[in-house]
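Trainee: Dropping in structure-v1.txt, which is compact mmCIF, C-alpha atoms:
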```txt
# COMPACT_ATOMS: atom_id res chain seq x y z
CA MET A 260 0.00 0.00 0.00
CA SER A 261 2.91 2.32 0.68
CA THR A 262 4.23 1.78 -2.86
CA VAL A 263 0.79 2.43 -4.35
CA LYS A 264 0.50 5.60 -2.29
CA ASN A 265 3.89 6.79 -3.54
CA TYR A 266 2.94 6.29 -7.18
CA LEU A 267 -0.43 7.98 -6.66
CA SER A 268 1.45 10.92 -5.18
CA LEU A 269 3.94 10.87 -8.06
CA VAL A 270 1.17 11.41 -10.61
CA LYS A 271 -0.92 13.69 -8.36
CA PHE A 272 -3.89 11.34 -8.77
CA SER A 273 -6.21 13.82 -7.06
CA HIS A 274 -5.73 16.18 -10.02
CA THR A 275 -7.63 13.69 -12.18
CA ILE A 276 -10.65 15.64 -10.95
CA PHE A 277 -9.92 18.32 -13.55
CA ALA A 278 -10.35 16.33 -16.77
CA LEU A 279 -12.42 13.34 -15.63
CA PRO A 280 -15.79 15.18 -15.51
CA PHE A 281 -15.22 16.38 -19.07
CA ALA A 282 -14.47 12.82 -20.17
CA LEU A 283 -17.77 11.76 -18.59
CA ILE A 284 -19.52 14.61 -20.43
CA GLY A 285 -18.12 13.27 -23.71
CA PHE A 286 -19.25 9.77 -22.85
CA ALA A 287 -22.76 10.97 -21.94
CA LEU A 288 -22.98 13.02 -25.14
CA GLY A 289 -22.13 9.91 -27.12
CA LEU A 290 -24.91 7.95 -25.47
CA ASN A 291 -27.49 10.70 -25.81
CA PHE A 292 -26.72 13.29 -28.47
CA ASP A 293 -29.57 15.81 -28.77
CA GLY A 294 -31.71 13.45 -26.73
CA ARG A 295 -31.33 10.61 -29.25
CA PRO A 296 -29.33 7.53 -28.25
CA VAL A 297 -26.56 6.80 -30.75
CA VAL A 298 -27.70 3.35 -31.88
CA ASP A 299 -27.95 1.18 -34.94
CA SER A 300 -30.86 -1.28 -34.91
CA GLY A 301 -31.07 -0.88 -31.15
CA VAL A 302 -27.41 -1.73 -30.55
CA PRO A 303 -24.84 0.98 -29.66
CA HIS A 304 -21.81 1.34 -31.94
CA PHE A 305 -19.38 -0.70 -29.86
CA ALA A 306 -16.36 -2.63 -31.06
CA LEU A 307 -16.93 -5.31 -28.43
CA PRO A 308 -19.17 -8.16 -29.64
CA ILE A 309 -22.60 -7.60 -28.13
CA GLY A 310 -26.12 -8.74 -28.85
CA PRO A 311 -29.42 -6.82 -28.77
CA SER A 312 -30.10 -8.13 -25.27
CA GLN A 313 -26.79 -6.87 -23.83
CA PRO A 314 -26.55 -3.10 -24.46
CA ILE A 315 -26.27 -2.21 -20.76
CA VAL A 316 -23.41 -4.67 -20.28
CA ALA A 317 -21.68 -3.19 -23.32
CA ILE A 318 -22.16 0.36 -22.06
CA ILE A 319 -20.71 -0.54 -18.67
CA THR A 320 -17.79 -2.32 -20.30
CA LYS A 321 -17.10 0.65 -22.57
CA PHE A 322 -17.37 3.00 -19.62
CA ILE A 323 -14.76 1.00 -17.69
CA LEU A 324 -12.45 1.00 -20.72
CA VAL A 325 -12.80 4.78 -21.06
CA LEU A 326 -11.92 5.21 -17.38
CA VAL A 327 -8.89 2.96 -17.83
CA CYS A 328 -7.77 5.07 -20.79
CA MET A 329 -8.30 8.28 -18.86
CA VAL A 330 -6.36 7.16 -15.79
CA THR A 331 -3.48 5.47 -17.62
CA ALA A 332 -2.97 8.29 -20.13
CA ARG A 333 -2.87 10.89 -17.41
CA SER A 334 -0.64 8.74 -15.18
CA ALA A 335 1.80 8.20 -18.04
CA ALA A 336 1.91 11.92 -18.80
CA MET A 337 2.44 12.97 -15.18
CA ALA A 338 5.06 10.31 -14.43
CA PHE A 339 6.95 11.16 -17.62
CA ASN A 340 6.90 14.83 -16.66
CA ARG A 341 8.32 14.00 -13.24
CA TYR A 342 10.95 11.73 -14.84
CA LEU A 343 12.04 14.31 -17.41
CA ASP A 344 12.06 17.25 -14.96
CA ARG A 345 13.76 15.42 -12.10
CA SER A 346 16.93 17.56 -12.23
CA PHE A 347 14.92 20.80 -12.23
CA ASP A 348 12.64 19.53 -9.46
CA ALA A 349 15.66 18.78 -7.29
CA LYS A 350 16.86 22.40 -7.58
CA ASN A 351 13.48 24.03 -6.96
CA PRO A 352 12.63 24.33 -3.23
CA ARG A 353 8.91 23.99 -4.05
CA THR A 354 9.36 20.68 -5.89
CA ALA A 355 12.40 19.17 -4.15
CA ILE A 356 10.06 17.13 -1.93
CA ARG A 357 8.66 15.20 -4.89
CA GLU A 358 9.17 11.44 -5.03
CA ILE A 359 12.04 11.24 -7.54
CA PRO A 360 14.23 14.03 -6.11
CA LYS A 361 13.75 12.60 -2.60
CA GLY A 362 14.68 9.10 -3.77
CA ILE A 363 11.32 7.56 -2.87
CA ILE A 364 10.89 6.40 -6.47
CA SER A 365 13.90 5.86 -8.73
CA PRO A 366 14.01 7.43 -12.20
CA ASN A 367 14.09 3.99 -13.86
CA SER A 368 11.07 2.85 -11.86
CA ALA A 369 9.19 5.97 -12.91
CA LEU A 370 10.07 5.34 -16.55
CA ARG A 371 8.89 1.72 -16.32
CA PHE A 372 5.65 3.03 -14.80
CA VAL A 373 5.24 5.35 -17.81
CA ILE A 374 5.77 2.49 -20.28
CA LEU A 375 3.34 0.22 -18.42
CA ASN A 376 0.60 2.86 -18.44
CA CYS A 377 1.15 3.55 -22.14
CA LEU A 378 0.81 -0.16 -22.94
CA ILE A 379 -2.39 -0.46 -20.88
CA PHE A 380 -3.78 2.65 -22.58
CA VAL A 381 -3.17 1.35 -26.11
CA THR A 382 -4.53 -2.09 -25.19
CA ALA A 383 -7.72 -0.54 -23.79
CA THR A 384 -8.25 1.50 -26.97
CA PHE A 385 -7.95 -1.72 -29.01
CA PHE A 386 -11.00 -3.09 -27.22
CA ILE A 387 -12.95 0.17 -27.67
CA ASN A 388 -13.02 0.70 -31.44
CA HIS A 389 -10.76 1.09 -34.45
CA ILE A 390 -10.59 4.88 -34.53
CA CYS A 391 -9.57 5.14 -30.86
CA PHE A 392 -6.92 2.47 -31.39
CA TYR A 393 -5.51 4.17 -34.50
CA LEU A 394 -5.45 7.56 -32.77
CA SER A 395 -3.92 6.26 -29.51
CA PRO A 396 -0.29 6.96 -30.60
CA VAL A 397 -1.31 10.53 -31.49
CA ALA A 398 -2.88 11.00 -28.07
CA LEU A 399 0.22 9.61 -26.34
CA PHE A 400 2.49 11.86 -28.38
CA VAL A 401 0.53 14.98 -27.36
CA ILE A 402 0.42 14.21 -23.66
CA LEU A 403 4.07 13.09 -23.45
CA PHE A 404 5.40 15.86 -25.68
CA TYR A 405 4.10 18.45 -23.22
CA SER A 406 6.95 17.59 -20.86
CA TYR A 407 9.50 18.93 -23.35
CA THR A 408 7.74 22.18 -24.23
CA LYS A 409 8.85 24.24 -21.25
CA ARG A 410 12.37 23.93 -22.58
CA PHE A 411 11.69 25.89 -25.76
CA THR A 412 8.31 27.69 -25.74
CA PRO A 413 6.17 29.72 -23.33
CA LEU A 414 3.15 28.18 -25.07
CA CYS A 415 3.67 25.05 -22.96
CA HIS A 416 0.44 25.89 -21.09
CA LEU A 417 -1.56 25.52 -24.31
CA VAL A 418 0.02 22.13 -25.00
CA LEU A 419 -1.02 20.98 -21.52
CA GLY A 420 -4.52 22.24 -22.25
CA LEU A 421 -4.51 20.37 -25.57
CA GLY A 422 -3.58 17.16 -23.79
CA LEU A 423 -6.44 17.40 -21.30
CA SER A 424 -8.84 18.51 -24.03
CA LEU A 425 -8.62 15.03 -25.53
CA ALA A 426 -10.83 13.78 -22.69
CA PRO A 427 -14.30 14.86 -23.95
CA ILE A 428 -13.73 14.17 -27.65
CA GLY A 429 -11.91 10.91 -26.87
CA ALA A 430 -14.76 9.62 -24.72
CA TYR A 431 -17.27 10.66 -27.39
CA LEU A 432 -15.27 8.80 -30.05
CA ALA A 433 -15.19 5.75 -27.81
CA VAL A 434 -19.00 5.57 -27.84
CA THR A 435 -19.84 6.78 -31.35
CA GLY A 436 -16.72 6.21 -33.43
CA ARG A 437 -17.18 9.62 -35.09
CA PHE A 438 -16.37 13.32 -34.61
CA ASP A 439 -19.03 15.95 -33.89
CA TRP A 440 -18.97 19.66 -33.14
CA LEU A 441 -20.62 19.51 -29.73
CA PRO A 442 -17.88 17.52 -27.93
CA LEU A 443 -15.30 19.62 -29.78
CA PHE A 444 -16.75 22.77 -28.20
CA PHE A 445 -16.12 21.18 -24.80
CA SER A 446 -12.58 20.27 -25.89
CA PHE A 447 -11.93 23.87 -26.93
CA ALA A 448 -13.25 24.99 -23.55
CA VAL A 449 -10.85 22.63 -21.77
CA ILE A 450 -7.85 23.90 -23.75
CA CYS A 451 -8.46 27.50 -22.70
CA TRP A 452 -9.59 26.64 -19.17
CA VAL A 453 -6.55 24.46 -18.38
CA SER A 454 -4.10 26.83 -20.08
CA GLY A 455 -5.51 29.72 -18.07
CA PHE A 456 -5.23 28.09 -14.66
CA ASP A 457 -1.82 26.58 -15.48
CA ILE A 458 -0.54 30.11 -16.13
CA ILE A 459 -1.78 31.08 -12.65
CA TYR A 460 -0.03 28.04 -11.16
CA ALA A 461 3.22 28.88 -13.00
CA LEU A 462 3.36 32.27 -11.26
CA GLN A 463 4.90 30.44 -8.29
CA ASP A 464 8.01 29.49 -10.27
CA ILE A 465 8.64 32.63 -12.27
CA ASP A 466 12.04 33.36 -10.68
CA PHE A 467 13.17 29.74 -10.81
CA ASP A 468 12.13 29.39 -14.46
CA LYS A 469 14.15 32.47 -15.36
CA SER A 470 17.21 31.18 -13.51
CA GLN A 471 17.04 27.83 -15.33
CA GLN A 472 16.16 29.32 -18.73
CA LEU A 473 12.81 27.53 -18.71
CA TYR A 474 9.89 29.01 -20.59
CA SER A 475 6.47 29.91 -19.27
CA ILE A 476 4.17 32.81 -20.00
CA PRO A 477 4.80 34.39 -16.54
CA SER A 478 8.59 34.12 -16.94
CA VAL A 479 8.45 35.73 -20.39
CA VAL A 480 5.84 38.49 -19.99
CA GLY A 481 5.76 39.01 -16.22
CA LYS A 482 3.08 38.45 -13.59
CA LYS A 483 0.68 41.23 -14.54
CA ARG A 484 0.53 40.42 -18.26
CA ALA A 485 0.41 36.69 -17.52
CA LEU A 486 -2.74 37.21 -15.45
CA VAL A 487 -4.27 39.24 -18.28
CA ILE A 488 -3.56 36.39 -20.72
CA SER A 489 -4.99 33.89 -18.24
CA THR A 490 -8.14 36.00 -17.93
CA LEU A 491 -8.54 36.18 -21.72
CA LEU A 492 -8.17 32.42 -22.02
CA HIS A 493 -10.84 31.91 -19.38
CA VAL A 494 -13.16 34.31 -21.18
CA VAL A 495 -12.74 32.21 -24.33
CA SER A 496 -13.36 29.04 -22.29
CA ALA A 497 -16.59 30.53 -20.96
CA ALA A 498 -17.60 31.48 -24.50
CA CYS A 499 -17.01 27.89 -25.63
CA VAL A 500 -19.29 26.34 -22.99
CA ILE A 501 -21.94 28.96 -23.73
CA THR A 502 -21.67 28.15 -27.45
CA ALA A 503 -21.97 24.44 -26.63
CA GLY A 504 -25.13 25.18 -24.63
CA VAL A 505 -26.74 27.03 -27.51
CA TYR A 506 -25.58 24.57 -30.18
CA GLY A 507 -26.65 21.53 -28.15
CA HIS A 508 -30.05 22.97 -27.17
CA PHE A 509 -29.42 22.29 -23.50
CA HIS A 510 -31.96 23.03 -20.79
CA TRP A 511 -31.91 25.11 -17.61
CA ILE A 512 -29.80 22.64 -15.59
CA TYR A 513 -26.92 23.15 -18.03
CA TRP A 514 -27.10 26.91 -17.63
CA VAL A 515 -26.91 26.57 -13.86
CA GLY A 516 -23.73 24.56 -14.45
CA ILE A 517 -22.36 27.33 -16.66
CA ALA A 518 -23.08 29.89 -13.95
CA VAL A 519 -21.07 27.82 -11.44
CA PHE A 520 -18.25 27.25 -13.94
CA ILE A 521 -17.91 30.91 -14.84
CA GLY A 522 -18.29 31.89 -11.19
CA MET A 523 -15.33 29.72 -10.26
CA LEU A 524 -13.27 31.23 -13.07
CA TYR A 525 -14.04 34.71 -11.74
CA TYR A 526 -13.31 33.63 -8.16
CA GLN A 527 -9.82 32.32 -8.89
CA HIS A 528 -8.86 35.57 -10.61
CA SER A 529 -10.29 37.59 -7.73
CA ILE A 530 -7.99 35.95 -5.16
CA VAL A 531 -4.72 36.06 -7.12
CA SER A 532 -2.86 39.25 -8.01
CA PRO A 533 0.68 40.11 -9.17
CA THR A 534 1.49 41.22 -5.62
CA ASP A 535 -0.27 38.41 -3.73
CA LEU A 536 0.27 34.78 -4.73
CA SER A 537 -0.63 33.35 -1.32
CA LYS A 538 -3.88 31.83 -2.62
CA VAL A 539 -2.59 30.30 -5.85
CA ASN A 540 -3.17 26.77 -4.58
CA ILE A 541 -6.76 27.59 -3.63
CA ALA A 542 -7.33 29.07 -7.08
CA PHE A 543 -5.66 26.08 -8.73
CA MET A 544 -7.13 23.14 -6.85
CA THR A 545 -10.28 24.24 -5.03
CA ALA A 546 -11.81 26.63 -7.56
CA ASN A 547 -11.07 24.48 -10.58
CA GLY A 548 -12.03 21.26 -8.83
CA VAL A 549 -15.42 22.70 -7.93
CA ALA A 550 -15.84 24.15 -11.44
CA SER A 551 -15.11 20.83 -13.12
CA VAL A 552 -17.12 18.52 -10.86
CA VAL A 553 -20.24 20.69 -10.49
CA PHE A 554 -20.29 21.57 -14.18
CA GLY A 555 -19.82 17.92 -15.18
CA VAL A 556 -22.61 16.68 -12.91
CA LEU A 557 -25.07 19.32 -14.10
CA VAL A 558 -24.28 18.83 -17.80
CA ILE A 559 -24.84 15.08 -17.52
CA ALA A 560 -27.99 15.65 -15.48
CA ASP A 561 -29.29 18.00 -18.17
CA LEU A 562 -28.64 15.41 -20.86
CA PHE A 563 -30.72 12.73 -19.17
CA VAL A 564 -33.31 14.55 -17.06
CA GLY A 565 -33.35 18.09 -18.44
```
Go ahead and express the file in the form of structure tokens.

Mentor:
Amino acid sequence: MSTVKNYLSLVKFSHTIFALPFALIGFALGLNFDGRPVVDSGVPHFALPIGPSQPIVAIITKFILVLVCMVTARSAAMAFNRYLDRSFDAKNPRTAIREIPKGIISPNSALRFVILNCLIFVTATFFINHICFYLSPVALFVILFYSYTKRFTPLCHLVLGLGLSLAPIGAYLAVTGRFDWLPLFFSFAVICWVSGFDIIYALQDIDFDKSQQLYSIPSVVGKKRALVISTLLHVVSAACVITAGVYGHFHWIYWVGIAVFIGMLYYQHSIVSPTDLSKVNIAFMTANGVASVVFGVLVIADLFVG
């Protein structure tokens, strides 16, 4: 149990709360797009062999596979980031307590953990459908490539957002096997939302990043301008979920969810300023955790009971 706890800490498993609700939104959209189940002769479009009398079993099986993909992809990405940044983490007082710098988990063990999660992810996509399987290397490339970006571009925050934005469209593809605009609107929202709050989080390391010649928007443009960029990204994110609400003909429950989501975006910007970073962790974890979970629950509720 101690080893499991260490690896869960390595990948910050609690941060799964950010993207998981959006993956569930994508899954729910696939099951019930515009109020119409995505079916063919009464049987959902699943790669697994199922009969007309087993749709619920197939849905549950597909749901489990999507969760496996979500957890393993994110675990691989986080562990690879920790593995690649281990020398920087050891120098940064804020991150020196992490598992690899402290010697709790060896670099080779972390790398083996990354490979194992990648293999499980690809295997799970094989049992979902062909398009998810064929796109699995692309997804892995995006989420693993993020770890390199801070070395050469301040747009690293957008790459992180892109990686997490695969959750809603990936889950939708798992159910339907096709692309649609509605889940893409949620993916666009995730890109801007995640990029915006990652910029806020990066404010903590602005001096360290400069000293190590690492790139981030705060280290390049300064705290004040970074917060302006973060605000603009969150405005675009809000616009995306509003557009999704109009395009998808959602009901009142959805709009309550939007109010909470936008309220949490406003809240995190109200408690962080260029001269006061004491509440960055509250803005990062609490505000965004509430925004994601409440919004996800209300969107799914709207789909099925709205």

Trainee: Identify, on the basis of all atoms listed in the file, every residue whose closest approach to stretch 492-504 of chain A does not exceed 9 Å; exclude the query and any residue fewer than 4 positions from it along the same chain; express the result as a PyMOL selection string.

Mentor: chain A and resi 440-456+487-488+508-510+513-514+517+520-521+524-525

Trainee: Would you list the contacts of A:Gly481 as JSON, numbers by chain, taking every protein, DNA or RNA residue within 9 Å and counting only C-alpha atoms, but skipping same-chain residues closer than 5 positions in sequence?

Mentor: {"A": [462, 465, 476, 486, 533]}

Trainee: Taking all atoms listed in the file into account, name the residue in A:Val325, A:Ile359, A:Leu421, A:Ala335 that is nearest to A:Ala383.

Mentor: A:Val325

Trainee: Pick from A:Leu425, A:Leu414, A:Ile318, A:Val479: nearest to A:Gly289, with only C-alpha atoms counted?

Mentor: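 Closest to A:Gly289, using only C-alpha atoms: A:Ile318.
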
Trainee: Residues within 12 Å of A:Lys361, please, as a ChimeraX atom specification. Count only C-alpha atoms; anything in the same chain fewer than 5 positions from it doesn't count.

Mentor: /A:265,269,345-346,348-350,352,354-356,366

Trainee: Just how far from atom CA of A:Ser537 is atom CA of A:Val552, in Å to one decimal?

Mentor: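 Going from atom CA of A:Val552 over to atom CA of A:Ser537, I get 24.1 Å.
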
Trainee: Do you have the atom CA of A:Phe286-atom CA of A:Ser273 distance handy?

Mentor: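 Distance between the two atoms: 20.9 Å.
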
Trainee: Would you kindly place N, CA, C and O atoms on stretch 268-289 of chain A and return the model as a short mmCIF file (atom, residue, chain, number, x, y, z; two decimals), keeping the file's coordinate frame?

Mentor:
```cif
data_model
loop_
_atom_site.label_atom_id
_atom_site.label_comp_id
_atom_site.auth_asym_id
_atom_site.auth_seq_id
_atom_site.Cartn_x
_atom_site.Cartn_y
_atom_site.Cartn_z
N SER A 268 0.93 9.59 -5.47
CA SER A 268 1.45 10.92 -5.18
C SER A 268 2.32 11.42 -6.33
O SER A 268 2.29 12.60 -6.69
N LEU A 269 3.08 10.52 -6.93
CA LEU A 269 3.94 10.87 -8.06
C LEU A 269 3.14 11.50 -9.19
O LEU A 269 3.56 12.51 -9.79
N VAL A 270 1.98 10.93 -9.48
CA VAL A 270 1.17 11.41 -10.61
C VAL A 270 0.07 12.38 -10.17
O VAL A 270 -0.77 12.77 -10.99
N LYS A 271 0.11 12.78 -8.88
CA LYS A 271 -0.92 13.69 -8.36
C LYS A 271 -2.31 13.20 -8.78
O LYS A 271 -3.07 13.88 -9.46
N PHE A 272 -2.65 12.00 -8.33
CA PHE A 272 -3.89 11.34 -8.77
C PHE A 272 -5.12 12.19 -8.47
O PHE A 272 -6.10 12.15 -9.23
N SER A 273 -5.06 12.98 -7.42
CA SER A 273 -6.21 13.82 -7.06
C SER A 273 -6.52 14.85 -8.14
O SER A 273 -7.65 15.31 -8.27
N HIS A 274 -5.52 15.20 -8.96
CA HIS A 274 -5.73 16.18 -10.02
C HIS A 274 -6.50 15.60 -11.21
O HIS A 274 -6.85 16.35 -12.13
N THR A 275 -6.78 14.30 -11.15
CA THR A 275 -7.63 13.69 -12.18
C THR A 275 -9.00 14.36 -12.19
O THR A 275 -9.71 14.32 -13.21
N ILE A 276 -9.34 14.99 -11.09
CA ILE A 276 -10.65 15.64 -10.95
C ILE A 276 -10.86 16.74 -11.99
O ILE A 276 -11.99 17.11 -12.30
N PHE A 277 -9.77 17.26 -12.57
CA PHE A 277 -9.92 18.32 -13.55
C PHE A 277 -10.51 17.83 -14.87
O PHE A 277 -11.46 18.41 -15.39
N ALA A 278 -9.93 16.78 -15.44
CA ALA A 278 -10.35 16.33 -16.77
C ALA A 278 -11.41 15.24 -16.75
O ALA A 278 -12.17 15.11 -17.72
N LEU A 279 -11.49 14.47 -15.66
CA LEU A 279 -12.42 13.34 -15.63
C LEU A 279 -13.87 13.74 -15.88
O LEU A 279 -14.57 13.09 -16.67
N PRO A 280 -14.39 14.81 -15.23
CA PRO A 280 -15.79 15.18 -15.51
C PRO A 280 -16.03 15.50 -16.98
O PRO A 280 -17.11 15.22 -17.51
N PHE A 281 -15.04 16.07 -17.65
CA PHE A 281 -15.22 16.38 -19.07
C PHE A 281 -15.20 15.10 -19.92
O PHE A 281 -15.86 15.02 -20.95
N ALA A 282 -14.44 14.11 -19.49
CA ALA A 282 -14.47 12.82 -20.17
C ALA A 282 -15.86 12.19 -20.01
O ALA A 282 -16.41 11.63 -20.97
N LEU A 283 -16.43 12.31 -18.82
CA LEU A 283 -17.77 11.76 -18.59
C LEU A 283 -18.82 12.52 -19.40
O LEU A 283 -19.80 11.92 -19.85
N ILE A 284 -18.61 13.83 -19.58
CA ILE A 284 -19.52 14.61 -20.43
C ILE A 284 -19.47 14.06 -21.85
O ILE A 284 -20.50 13.86 -22.50
N GLY A 285 -18.26 13.82 -22.36
CA GLY A 285 -18.12 13.27 -23.71
C GLY A 285 -18.78 11.92 -23.84
O GLY A 285 -19.44 11.63 -24.86
N PHE A 286 -18.64 11.09 -22.83
CA PHE A 286 -19.25 9.77 -22.85
C PHE A 286 -20.77 9.89 -22.87
O PHE A 286 -21.47 9.21 -23.64
N ALA A 287 -21.31 10.77 -22.02
CA ALA A 287 -22.76 10.97 -21.94
C ALA A 287 -23.30 11.55 -23.25
O ALA A 287 -24.39 11.17 -23.70
N LEU A 288 -22.56 12.47 -23.86
CA LEU A 288 -22.98 13.02 -25.14
C LEU A 288 -23.07 11.93 -26.20
O LEU A 288 -23.98 11.93 -27.04
N GLY A 289 -22.12 11.01 -26.16
CA GLY A 289 -22.13 9.91 -27.12
C GLY A 289 -23.33 9.01 -26.96
O GLY A 289 -23.90 8.52 -27.94
#
```
